[in-house]
>>> print(open('final-v3.txt').read())   # compact mmCIF, C-alpha atoms
# COMPACT_ATOMS: atom_id res chain seq x y z
CA MET A 21 0.00 0.00 0.00
CA GLU A 22 1.34 3.39 -0.97
CA TYR A 23 1.83 5.88 1.85
CA LEU A 24 0.21 9.21 1.04
CA GLN A 25 0.00 12.51 2.91
CA LYS A 26 -2.05 15.53 1.87
CA LYS A 27 -2.21 19.10 3.14
CA GLU A 28 -5.78 19.74 1.97
CA TYR A 29 -8.85 17.52 1.82
CA GLU A 30 -12.61 17.91 1.57
CA VAL A 31 -14.96 15.27 2.92
CA ASN A 32 -16.82 13.66 0.02
CA PRO A 33 -19.34 10.87 -0.53
CA GLN A 34 -16.52 8.27 -0.33
CA THR A 35 -15.29 9.40 3.13
CA MET A 36 -16.06 6.85 5.85
CA ALA A 37 -14.03 8.16 8.80
CA LEU A 38 -11.63 10.89 9.91
CA ILE A 39 -9.46 9.42 12.65
CA ALA A 40 -7.23 11.50 14.91
CA LYS A 41 -3.68 10.27 15.31
CA TYR A 42 -0.37 11.71 16.41
CA ASP A 43 2.49 12.19 13.96
CA GLN A 44 6.16 11.77 14.83
CA GLN A 45 6.35 15.35 16.13
CA GLY A 46 3.38 14.85 18.46
CA GLN A 47 0.96 16.87 16.31
CA VAL A 48 -2.59 15.63 15.76
CA ILE A 49 -3.21 14.74 12.12
CA THR A 50 -6.04 12.93 10.34
CA HIS A 51 -6.07 9.38 9.08
CA VAL A 52 -8.73 9.52 6.34
CA VAL A 53 -10.56 6.27 5.60
CA GLU A 54 -12.35 6.20 2.25
CA GLN A 55 -14.20 3.37 0.52
CA HIS A 56 -11.19 2.43 -1.60
CA GLY A 57 -8.21 3.40 0.53
CA SER A 58 -6.76 5.59 3.23
CA PHE A 59 -4.18 8.34 3.67
CA GLU A 60 -3.20 11.10 6.06
CA VAL A 61 -4.01 14.80 6.07
CA LEU A 62 -1.73 17.17 7.97
CA LYS A 63 -4.61 18.75 9.95
CA CYS A 64 -6.66 17.58 12.90
CA PRO A 65 -10.00 15.94 12.01
CA SER A 66 -12.18 18.81 13.21
CA GLN A 67 -10.20 21.20 10.99
CA VAL A 68 -10.79 18.88 8.04
CA VAL A 69 -14.51 18.87 8.91
CA ASP A 70 -14.55 22.69 9.24
CA ASP A 71 -12.78 23.10 5.88
CA SER A 72 -15.29 20.70 4.31
CA CYS A 73 -18.26 22.58 5.80
CA ARG A 74 -16.79 25.82 4.44
CA TYR A 75 -16.43 24.20 1.01
CA PHE A 76 -20.21 23.66 1.17
CA ALA A 77 -20.85 27.28 2.32
CA SER A 78 -21.02 26.81 6.08
CA SER A 79 -18.63 26.05 8.95
CA LEU A 80 -18.31 23.45 11.67
CA GLU A 81 -19.60 25.98 14.19
CA GLY A 82 -22.56 26.81 11.93
CA ARG A 83 -23.38 23.14 11.43
CA ILE A 84 -23.21 22.48 15.18
CA LEU A 85 -25.52 25.44 15.87
CA GLY A 86 -27.90 24.15 13.19
CA THR A 87 -27.98 20.70 14.75
CA LYS A 88 -28.67 22.20 18.19
CA GLN A 89 -31.53 24.24 16.73
CA VAL A 90 -33.10 21.20 15.04
CA THR A 91 -32.52 18.55 17.73
CA SER A 92 -31.56 20.27 21.01
CA TYR A 93 -28.47 18.02 21.13
CA THR A 94 -25.88 20.07 22.99
CA HIS A 95 -23.01 17.61 23.56
CA LYS A 96 -21.14 15.93 20.70
CA PRO A 97 -23.82 16.89 18.15
CA PRO A 98 -23.87 15.14 14.79
CA ILE A 99 -23.60 17.36 11.73
CA VAL A 100 -24.54 17.35 8.08
CA ILE A 101 -21.65 18.43 5.89
CA SER A 102 -23.71 18.37 2.68
CA GLU A 103 -27.47 17.85 2.63
CA ALA A 104 -27.45 17.42 -1.15
CA MET A 105 -24.96 14.53 -0.96
CA GLY A 106 -26.33 13.06 2.27
CA ILE A 107 -23.03 13.43 4.13
CA TYR A 108 -23.75 13.06 7.87
CA PHE A 109 -20.94 12.68 10.43
CA PHE A 110 -20.75 12.35 14.19
CA PRO A 111 -17.89 13.01 16.60
CA ILE A 112 -16.75 10.37 19.08
CA ILE A 113 -15.59 12.95 21.65
CA SER A 114 -16.04 16.71 21.94
CA PRO A 115 -15.38 18.32 18.55
CA LYS A 116 -13.55 21.09 20.40
CA ARG A 117 -10.72 18.64 21.11
CA LYS A 118 -8.04 18.12 18.48
CA GLU A 119 -8.16 14.38 19.18
CA CYS A 120 -11.79 14.16 18.07
CA SER A 121 -12.42 11.57 15.35
CA TRP A 122 -15.47 11.75 13.05
CA ILE A 123 -17.47 8.86 11.61
CA ALA A 124 -19.78 8.88 8.55
CA LEU A 125 -23.25 7.54 9.25
CA LYS A 126 -23.96 5.93 5.89
CA TYR A 127 -21.11 3.40 5.88
CA ILE A 128 -21.59 1.80 9.30
CA HIS A 129 -22.59 -1.82 8.82
CA THR A 130 -22.17 -3.19 12.37
CA HIS A 131 -20.58 -2.26 15.67
CA LYS A 132 -19.68 -4.26 18.75
CA GLY A 133 -18.24 -3.60 22.17
CA GLU A 134 -14.88 -5.09 23.08
CA SER A 135 -13.64 -6.38 26.45
CA ASP A 136 -11.26 -3.40 26.72
CA HIS A 137 -14.28 -1.00 26.60
CA THR A 138 -13.58 0.07 23.02
CA THR A 139 -15.90 -0.32 20.04
CA THR A 140 -15.13 -2.03 16.76
CA ILE A 141 -17.11 -0.86 13.77
CA GLN A 142 -17.34 -2.63 10.47
CA PHE A 143 -18.06 -0.51 7.44
CA SER A 144 -20.17 -1.63 4.50
CA ASN A 145 -17.03 -2.32 2.43
CA GLY A 146 -15.70 -4.78 5.06
CA THR A 147 -13.13 -2.43 6.61
CA SER A 148 -13.00 -2.59 10.42
CA LEU A 149 -11.93 0.15 12.79
CA ASN A 150 -11.50 0.09 16.57
CA LEU A 151 -12.44 3.27 18.43
CA PRO A 152 -11.53 4.23 22.01
CA VAL A 153 -15.15 4.73 23.09
CA SER A 154 -17.71 2.49 24.79
CA VAL A 155 -20.29 0.66 22.71
CA GLY A 156 -23.06 2.53 24.58
CA MET A 157 -21.64 5.92 23.68
CA PHE A 158 -21.09 4.84 20.08
CA ALA A 159 -24.62 3.46 19.79
CA ASN A 160 -26.01 6.71 21.21
CA GLN A 161 -24.08 8.79 18.69
CA LEU A 162 -25.22 6.51 15.87
CA HIS A 163 -28.85 6.80 16.98
CA ARG A 164 -28.68 10.60 17.36
CA THR A 165 -27.16 10.99 13.90
CA ALA A 166 -29.82 8.79 12.31
CA HIS A 167 -32.51 10.78 14.14
CA PHE A 168 -31.00 14.09 12.97
CA ARG A 169 -30.86 12.81 9.39
CA PHE A 170 -34.49 11.67 9.58
CA ILE A 171 -35.63 15.11 10.81
CA LEU A 172 -33.71 16.99 8.11
CA GLU A 173 -34.80 14.70 5.29
CA ASP A 174 -38.40 14.85 6.52
CA ARG A 175 -38.24 18.66 6.43
CA LEU A 176 -36.75 18.57 2.94
CA HIS A 177 -39.48 16.28 1.63
CA ALA A 178 -42.21 18.27 3.40
CA SER A 179 -41.03 21.48 1.74
CA GLN A 180 -41.21 20.03 -1.77
CA PRO A 181 -44.51 20.38 -3.58
CA PRO A 182 -46.16 17.07 -4.44
CA LEU A 183 -45.92 16.00 -8.05
CA ASP A 184 -49.31 16.20 -9.69
CA ALA A 185 -49.61 14.19 -12.90
CA SER A 186 -52.37 16.48 -14.17
CA HIS A 187 -49.95 19.42 -14.52
CA ASP A 188 -47.05 19.49 -16.91
CA LEU A 189 -44.59 21.75 -15.12
CA ARG A 190 -42.35 22.09 -18.16
CA PHE A 191 -44.94 23.99 -20.18
CA GLY A 192 -47.23 25.35 -17.49
CA THR A 193 -50.22 23.50 -18.91
CA SER A 194 -52.68 20.97 -17.58
CA SER A 195 -53.15 17.58 -19.17
>>> encode(input="final-v3.txt", output="structure tokens")
Amino acid sequence: MEYLQKKEYEVNPQTMALIAKYDQQGQVITHVVEQHGSFEVLKCPSQVVDDSCRYFASSLEGRILGTKQVTSYTHKPPIVISEAMGIYFFPIISPKRKECSWIALKYIHTHKGESDHTTTIQFSNGTSLNLPVSVGMFANQLHRTAHFRFILEDRLHASQPPLDASHDLRFGTSS
């Protein structure tokens, strides 16, 4: 496997996880796990998330405030990075900490608690990852993110006018 480091990165539909790790100088960097590979970004995960939110015309702080408004979740709130692409992530610890890792909702296939009080997740592509959090905390974050996604998608669908077959919207005529 080729070792790759990047200075810039935007979360995209292939991103499964942003894992905090320390480099040789003791700085927190991001191990990016995508569907077809992984590499490192020379920024902490929350900075990668903030850059990605800004790419989609918001910020991490704005997304957190939006989540709090919609759900009243105040601690470790899940966020949507892009509604249009369905990119929902949740933090495993406080996003204010550089060591905070972020997990994408849509790729989680299974998760199980380990005897050392960590949680192993298996992604839909078969990749496994062990996280230093309890299975209860992980399950709670997973549930809250799914709930947040449901609320937002419900609002999106409720705001769209129903399609009426008797009206041809392209020509403004009725059939």
>>> residues_around(input="final-v3.txt", residues="Ser92 in chain A", least_positions_apart="5", cutoff="12 Å", atoms="only C-alpha atoms", output="list of chain:residue names")
A:Ile84, A:Leu85, A:Gly86, A:Thr87, A:Pro97, A:Pro98, A:Arg164, A:His167, A:Phe168
>>> closest_residue(input="final-v3.txt", among="A:Ile101, A:Met36, A:Leu162, A:Ile123", to="Glu81 in chain A", atoms="only C-alpha atoms")
A:Ile101
>>> closest_residue(input="final-v3.txt", among="A:Val155, A:Ala37, A:Leu62, A:Cys73", to="Phe110 in chain A", atoms="all atoms listed in the file")
A:Ala37
>>> atom_distance(input="final-v3.txt", atom1="CA of Ser154 in chain A", atom2="CA of Ile141 in chain A")
11.5 Å
>>> closest_residue(input="final-v3.txt", among="A:Val68, A:Val31, A:Ile39, A:Val90", to="Ile171 in chain A", atoms="only C-alpha atoms")
A:Val90
>>> residues_around(input="final-v3.txt", residues="Leu151 in chain A", least_positions_apart="6", cutoff="8 Å", atoms="all atoms listed in the file", output="MDAnalysis selection string")
chainID A and resid 138:141
>>> closest_residue(input="final-v3.txt", among="A:Thr35, A:Asp43, A:Lys88, A:Glu30", to="Tyr127 in chain A", atoms="all atoms listed in the file")
A:Thr35
>>> atom_distance(input="final-v3.txt", atom1="CA of Asp174 in chain A", atom2="CA of Pro111 in chain A")
22.9 Å
>>> atom_distance(input="final-v3.txt", atom1="CA of Glu134 in chain A", atom2="CA of Ser148 in chain A")
13.0 Å
>>> residues_around(input="final-v3.txt", residues="Lys116 in chain A", least_positions_apart="4", cutoff="12 Å", atoms="all atoms listed in the file", output="number ranges by chain")
A: 64-67, 69-70, 80-81, 84, 95-97, 111-112, 120-121
>>> closest_residue(input="final-v3.txt", among="A:Phe76, A:Thr165, A:Asn150, A:Gln34", to="Gly57 in chain A", atoms="only C-alpha atoms")
A:Gln34
>>> closest_residue(input="final-v3.txt", among="A:Ile128, A:Leu38, A:Ala159, A:Val100", to="Glu173 in chain A", atoms="only C-alpha atoms")
A:Val100
>>> axis_aligned_box(input="final-v3.txt", around="range 93-109 of chain A", padding_each_side="3 Å", output="AutoDock Vina command-line options")
--center_x -24.7 --center_y 16.4 --center_z 11.2 --size_x 13.5 --size_y 13.4 --size_z 30.7
>>> decode(input="final-v3.txt", residues="range 23-52 of chain A", atoms="C-alpha atoms", output="compact mmCIF listing (two decimals), in the first residue's frame")
# COMPACT_ATOMS: atom_id res chain seq x y z
CA TYR A 23 1.83 5.88 1.85
CA LEU A 24 0.21 9.21 1.04
CA GLN A 25 0.00 12.51 2.91
CA LYS A 26 -2.05 15.53 1.87
CA LYS A 27 -2.21 19.10 3.14
CA GLU A 28 -5.78 19.74 1.97
CA TYR A 29 -8.85 17.52 1.82
CA GLU A 30 -12.61 17.91 1.57
CA VAL A 31 -14.96 15.27 2.92
CA ASN A 32 -16.82 13.66 0.02
CA PRO A 33 -19.34 10.87 -0.53
CA GLN A 34 -16.52 8.27 -0.33
CA THR A 35 -15.29 9.40 3.13
CA MET A 36 -16.06 6.85 5.85
CA ALA A 37 -14.03 8.16 8.80
CA LEU A 38 -11.63 10.89 9.91
CA ILE A 39 -9.46 9.42 12.65
CA ALA A 40 -7.23 11.50 14.91
CA LYS A 41 -3.68 10.27 15.31
CA TYR A 42 -0.37 11.71 16.41
CA ASP A 43 2.49 12.19 13.96
CA GLN A 44 6.16 11.77 14.83
CA GLN A 45 6.35 15.35 16.13
CA GLY A 46 3.38 14.85 18.46
CA GLN A 47 0.96 16.87 16.31
CA VAL A 48 -2.59 15.63 15.76
CA ILE A 49 -3.21 14.74 12.12
CA THR A 50 -6.04 12.93 10.34
CA HIS A 51 -6.07 9.38 9.08
CA VAL A 52 -8.73 9.52 6.34
